[in-house]
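Structure first, commentary second.
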Amino acid sequence: MSDTTVVTRDVGTCGVVFPSCESLLKHRQPFLFVSQGVIDKEDGSARCDYRFDEDAWFFEGHFPQAPIVPGVLVLEMAAQTANTVLSARCERPVKAYLVSVQNAVFKAPVGAGDTIVAHARLMDGSQTQRKLASGDFLRFKVSVRRDETVCMRGEVTLCLAD
């Protein structure tokens, strides 16, 4: 995790700021939907952002006259944000599979050129203290916003693969 910096944020908790998602995720382009973010290792949460460029590959077929980001990619961005929490906890990039989605609600579309921010928080607070191992299942509450507008919210479960 050489591209990360540990900082003390104004709320008094210790967080990890990462200017490049590649330091915490094994995903790569064209399926990388987190560009930078902040992780709070103490409470098992992360906030990450991503801008969907107007020339992204999926806009060509996903309503070319009025392009919107497919909901499954907004959900993937939230899952990748949750994955950054696991990588920070393991102190290395880890692969985690999205194995379950619960209560996902898409409240507003995300368009070409939009920047969105995903929030992910471990649902079981006890999970923030114990050592993680391959095969662990971890549930996160997730939400995605564009400015003040909630675009998606729900819960995801990841399985730590390595």
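The way I read the labels, and the way they are meant: chains A, B, ... in the order of the structure tokens, residue 1 as the first residue of every chain, and ligand 1 as the first ligand shown, with later ones counted on from there.
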Any idea what's packed within 12 Å of A:Phe33, counting only C-alpha atoms, ignoring anything in its chain fewer than 3 positions away? Could you give it as a PyMOL selection string?
chain A and resi 20-22+25-30+36-37+48-53+56+69+72-84+115-118
Pick out the residues sitting within 8 Å of A:Leu24, and hand them over as a list in words; count only C-alpha atoms, and ignore anything fewer than 6 positions along from it in its own chain.
Met1, Thr84, Ser87, Ala88, Arg92, Pro93 and Val94 of chain A
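Residues within 12 Å of A:Glu155, counting only C-alpha atoms and excluding same-chain residues fewer than 5 positions away, are Leu75, Glu76, Ala78, Ala79, Ala82, Leu98, Val99, Ser100, Val101, Gln102, Asn103, Ala104, Val105, His119, Ala120, Arg121, Leu122, Met123, Leu138, Arg139, Phe140, Lys141, Val142, Ser143 and Val144 of chain A.
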Could you write out the selected residues, including N, CA, C and O atoms, as an mmCIF file, in the first residue's frame?
```
data_model
loop_
_atom_site.group_PDB
_atom_site.id
_atom_site.type_symbol
_atom_site.label_atom_id
_atom_site.label_comp_id
_atom_site.auth_asym_id
_atom_site.auth_seq_id
_atom_site.Cartn_x
_atom_site.Cartn_y
_atom_site.Cartn_z
ATOM 1 N N LEU A 75 -23.654 -0.060 -8.639
ATOM 2 C CA LEU A 75 -23.548 -1.049 -7.573
ATOM 3 C C LEU A 75 -22.126 -1.603 -7.478
ATOM 4 O O LEU A 75 -21.583 -1.777 -6.384
ATOM 5 N N GLU A 76 -21.498 -1.870 -8.605
ATOM 6 C CA GLU A 76 -20.108 -2.352 -8.626
ATOM 7 C C GLU A 76 -19.181 -1.334 -7.976
ATOM 8 O O GLU A 76 -18.269 -1.693 -7.239
ATOM 9 N N ALA A 78 -19.935 0.731 -5.608
ATOM 10 C CA ALA A 78 -20.151 0.621 -4.163
ATOM 11 C C ALA A 78 -19.435 -0.608 -3.599
ATOM 12 O O ALA A 78 -18.825 -0.544 -2.528
ATOM 13 N N ALA A 79 -19.483 -1.731 -4.327
ATOM 14 C CA ALA A 79 -18.798 -2.950 -3.885
ATOM 15 C C ALA A 79 -17.280 -2.754 -3.888
ATOM 16 O O ALA A 79 -16.583 -3.218 -2.982
ATOM 17 N N ALA A 82 -16.373 -0.909 -0.813
ATOM 18 C CA ALA A 82 -16.327 -1.834 0.326
ATOM 19 C C ALA A 82 -15.040 -2.659 0.300
ATOM 20 O O ALA A 82 -14.412 -2.891 1.339
ATOM 21 N N LEU A 98 -18.159 -10.088 -4.883
ATOM 22 C CA LEU A 98 -19.502 -9.655 -4.541
ATOM 23 C C LEU A 98 -20.394 -10.890 -4.623
ATOM 24 O O LEU A 98 -20.556 -11.475 -5.691
ATOM 25 N N VAL A 99 -20.952 -11.316 -3.482
ATOM 26 C CA VAL A 99 -21.727 -12.553 -3.460
ATOM 27 C C VAL A 99 -23.204 -12.335 -3.175
ATOM 28 O O VAL A 99 -24.016 -13.241 -3.402
ATOM 29 N N SER A 100 -23.566 -11.143 -2.699
ATOM 30 C CA SER A 100 -24.968 -10.911 -2.392
ATOM 31 C C SER A 100 -25.260 -9.416 -2.387
ATOM 32 O O SER A 100 -24.416 -8.611 -1.993
ATOM 33 N N VAL A 101 -26.457 -9.078 -2.827
ATOM 34 C CA VAL A 101 -26.951 -7.701 -2.801
ATOM 35 C C VAL A 101 -28.333 -7.749 -2.164
ATOM 36 O O VAL A 101 -29.169 -8.567 -2.559
ATOM 37 N N GLN A 102 -28.560 -6.901 -1.176
ATOM 38 C CA GLN A 102 -29.856 -6.854 -0.510
ATOM 39 C C GLN A 102 -30.381 -5.417 -0.530
ATOM 40 O O GLN A 102 -29.614 -4.463 -0.374
ATOM 41 N N ASN A 103 -31.670 -5.301 -0.676
ATOM 42 C CA ASN A 103 -32.369 -4.021 -0.530
ATOM 43 C C ASN A 103 -31.806 -2.900 -1.397
ATOM 44 O O ASN A 103 -31.845 -1.728 -0.992
ATOM 45 N N ALA A 104 -31.290 -3.231 -2.572
ATOM 46 C CA ALA A 104 -30.738 -2.191 -3.459
ATOM 47 C C ALA A 104 -31.885 -1.384 -4.061
ATOM 48 O O ALA A 104 -32.850 -1.947 -4.584
ATOM 49 N N VAL A 105 -31.765 -0.078 -3.958
ATOM 50 C CA VAL A 105 -32.755 0.839 -4.503
ATOM 51 C C VAL A 105 -32.004 1.891 -5.310
ATOM 52 O O VAL A 105 -31.046 2.499 -4.805
ATOM 53 N N HIS A 119 -20.239 5.437 -0.356
ATOM 54 C CA HIS A 119 -19.932 5.227 1.055
ATOM 55 C C HIS A 119 -20.212 3.759 1.364
ATOM 56 O O HIS A 119 -21.249 3.230 0.949
ATOM 57 N N ALA A 120 -19.299 3.122 2.090
ATOM 58 C CA ALA A 120 -19.496 1.732 2.510
ATOM 59 C C ALA A 120 -19.080 1.618 3.972
ATOM 60 O O ALA A 120 -18.046 2.171 4.371
ATOM 61 N N ARG A 121 -19.898 0.926 4.759
ATOM 62 C CA ARG A 121 -19.596 0.729 6.182
ATOM 63 C C ARG A 121 -19.934 -0.705 6.572
ATOM 64 O O ARG A 121 -21.017 -1.202 6.243
ATOM 65 N N LEU A 122 -18.988 -1.370 7.257
ATOM 66 C CA LEU A 122 -19.253 -2.713 7.765
ATOM 67 C C LEU A 122 -20.480 -2.683 8.653
ATOM 68 O O LEU A 122 -20.617 -1.797 9.503
ATOM 69 N N MET A 123 -21.384 -3.636 8.472
ATOM 70 C CA MET A 123 -22.620 -3.644 9.250
ATOM 71 C C MET A 123 -22.424 -4.222 10.644
ATOM 72 O O MET A 123 -23.094 -3.820 11.576
ATOM 73 N N LEU A 138 -18.429 -10.644 4.607
ATOM 74 C CA LEU A 138 -18.610 -9.387 5.325
ATOM 75 C C LEU A 138 -19.693 -8.559 4.652
ATOM 76 O O LEU A 138 -19.657 -8.367 3.431
ATOM 77 N N ARG A 139 -20.641 -8.061 5.460
ATOM 78 C CA ARG A 139 -21.765 -7.271 4.940
ATOM 79 C C ARG A 139 -21.499 -5.790 5.165
ATOM 80 O O ARG A 139 -21.034 -5.379 6.227
ATOM 81 N N PHE A 140 -21.844 -5.014 4.142
ATOM 82 C CA PHE A 140 -21.670 -3.567 4.172
ATOM 83 C C PHE A 140 -22.982 -2.872 3.841
ATOM 84 O O PHE A 140 -23.714 -3.312 2.959
ATOM 85 N N LYS A 141 -23.237 -1.783 4.512
ATOM 86 C CA LYS A 141 -24.292 -0.862 4.107
ATOM 87 C C LYS A 141 -23.632 0.105 3.136
ATOM 88 O O LYS A 141 -22.541 0.626 3.430
ATOM 89 N N VAL A 142 -24.235 0.323 1.973
ATOM 90 C CA VAL A 142 -23.629 1.175 0.945
ATOM 91 C C VAL A 142 -24.625 2.230 0.462
ATOM 92 O O VAL A 142 -25.838 2.022 0.504
ATOM 93 N N SER A 143 -24.069 3.343 0.027
ATOM 94 C CA SER A 143 -24.874 4.367 -0.641
ATOM 95 C C SER A 143 -23.987 5.082 -1.641
ATOM 96 O O SER A 143 -22.767 5.120 -1.494
ATOM 97 N N VAL A 144 -24.627 5.625 -2.666
ATOM 98 C CA VAL A 144 -23.916 6.376 -3.701
ATOM 99 C C VAL A 144 -24.660 7.688 -3.900
ATOM 100 O O VAL A 144 -25.890 7.687 -4.047
#
```
Could you pull out all residues of stretch 41-158 of chain A with a DSSP call of helix (DSSP H, G or I) and give them as number ranges by chain?
A: 57-60, 71-90, 125-128
Could you list, as a PyMOL selection string, every residue within 9 Å of A:Phe58, counting only C-alpha atoms and ignoring same-chain residues fewer than 5 positions away?
chain A and resi 67-70
Keeping only N, CA, C and O atoms, write those residues as a CSV table (one decimal), in the first residue's frame.
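Output contents, as saved in out-v2.csv:
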```csv
chain,number,residue,atom,x,y,z
A,67,PRO,N,-27.2,9.3,-22.4
A,67,PRO,CA,-26.5,8.2,-21.7
A,67,PRO,C,-26.6,8.3,-20.2
A,67,PRO,O,-26.5,9.3,-19.6
A,68,ILE,N,-26.9,7.1,-19.6
A,68,ILE,CA,-26.8,7.0,-18.2
A,68,ILE,C,-26.0,5.7,-17.9
A,68,ILE,O,-25.9,4.8,-18.6
A,69,VAL,N,-25.4,5.8,-16.7
A,69,VAL,CA,-24.6,4.7,-16.2
A,69,VAL,C,-25.5,3.5,-15.8
A,69,VAL,O,-26.5,3.7,-15.1
A,70,PRO,N,-25.2,2.3,-16.3
A,70,PRO,CA,-26.0,1.1,-15.9
A,70,PRO,C,-26.0,1.0,-14.4
A,70,PRO,O,-24.9,1.1,-13.8
```
Based on the backbone DSSP call, show me all residues of stretch 29-90 of chain A assigned strand (DSSP E), as a compact mmCIF listing (two decimals) with C-alpha atoms, in the first residue's frame.
```txt
# COMPACT_ATOMS: atom_id res chain seq x y z
CA GLN A 36 -9.57 7.91 -4.87
CA GLY A 37 -10.94 7.93 -1.37
CA VAL A 38 -10.65 7.88 2.39
CA ILE A 39 -10.89 4.81 4.62
CA ASP A 40 -11.56 4.82 8.35
CA SER A 45 -15.89 2.53 6.47
CA ALA A 46 -14.75 4.13 3.24
CA ARG A 47 -15.75 7.01 0.99
CA CYS A 48 -14.56 6.82 -2.63
CA ASP A 49 -15.28 8.79 -5.76
CA TYR A 50 -15.33 8.23 -9.48
CA ARG A 51 -16.11 10.34 -12.54
```
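Between atom CA of A:Phe106 and atom CA of A:Leu86 the separation is 24.9 Å.
Proximity of A:Lys95, A:Val110, A:Ser35, A:Glu42 to A:His62, computed with only C-alpha atoms, is greatest for A:Val110.
Remark: for A:Val156, the closest of the candidate residues A:Asp114, A:Ala108, A:Arg130, A:Ala96 is A:Ala96 (distances computed over only C-alpha atoms).
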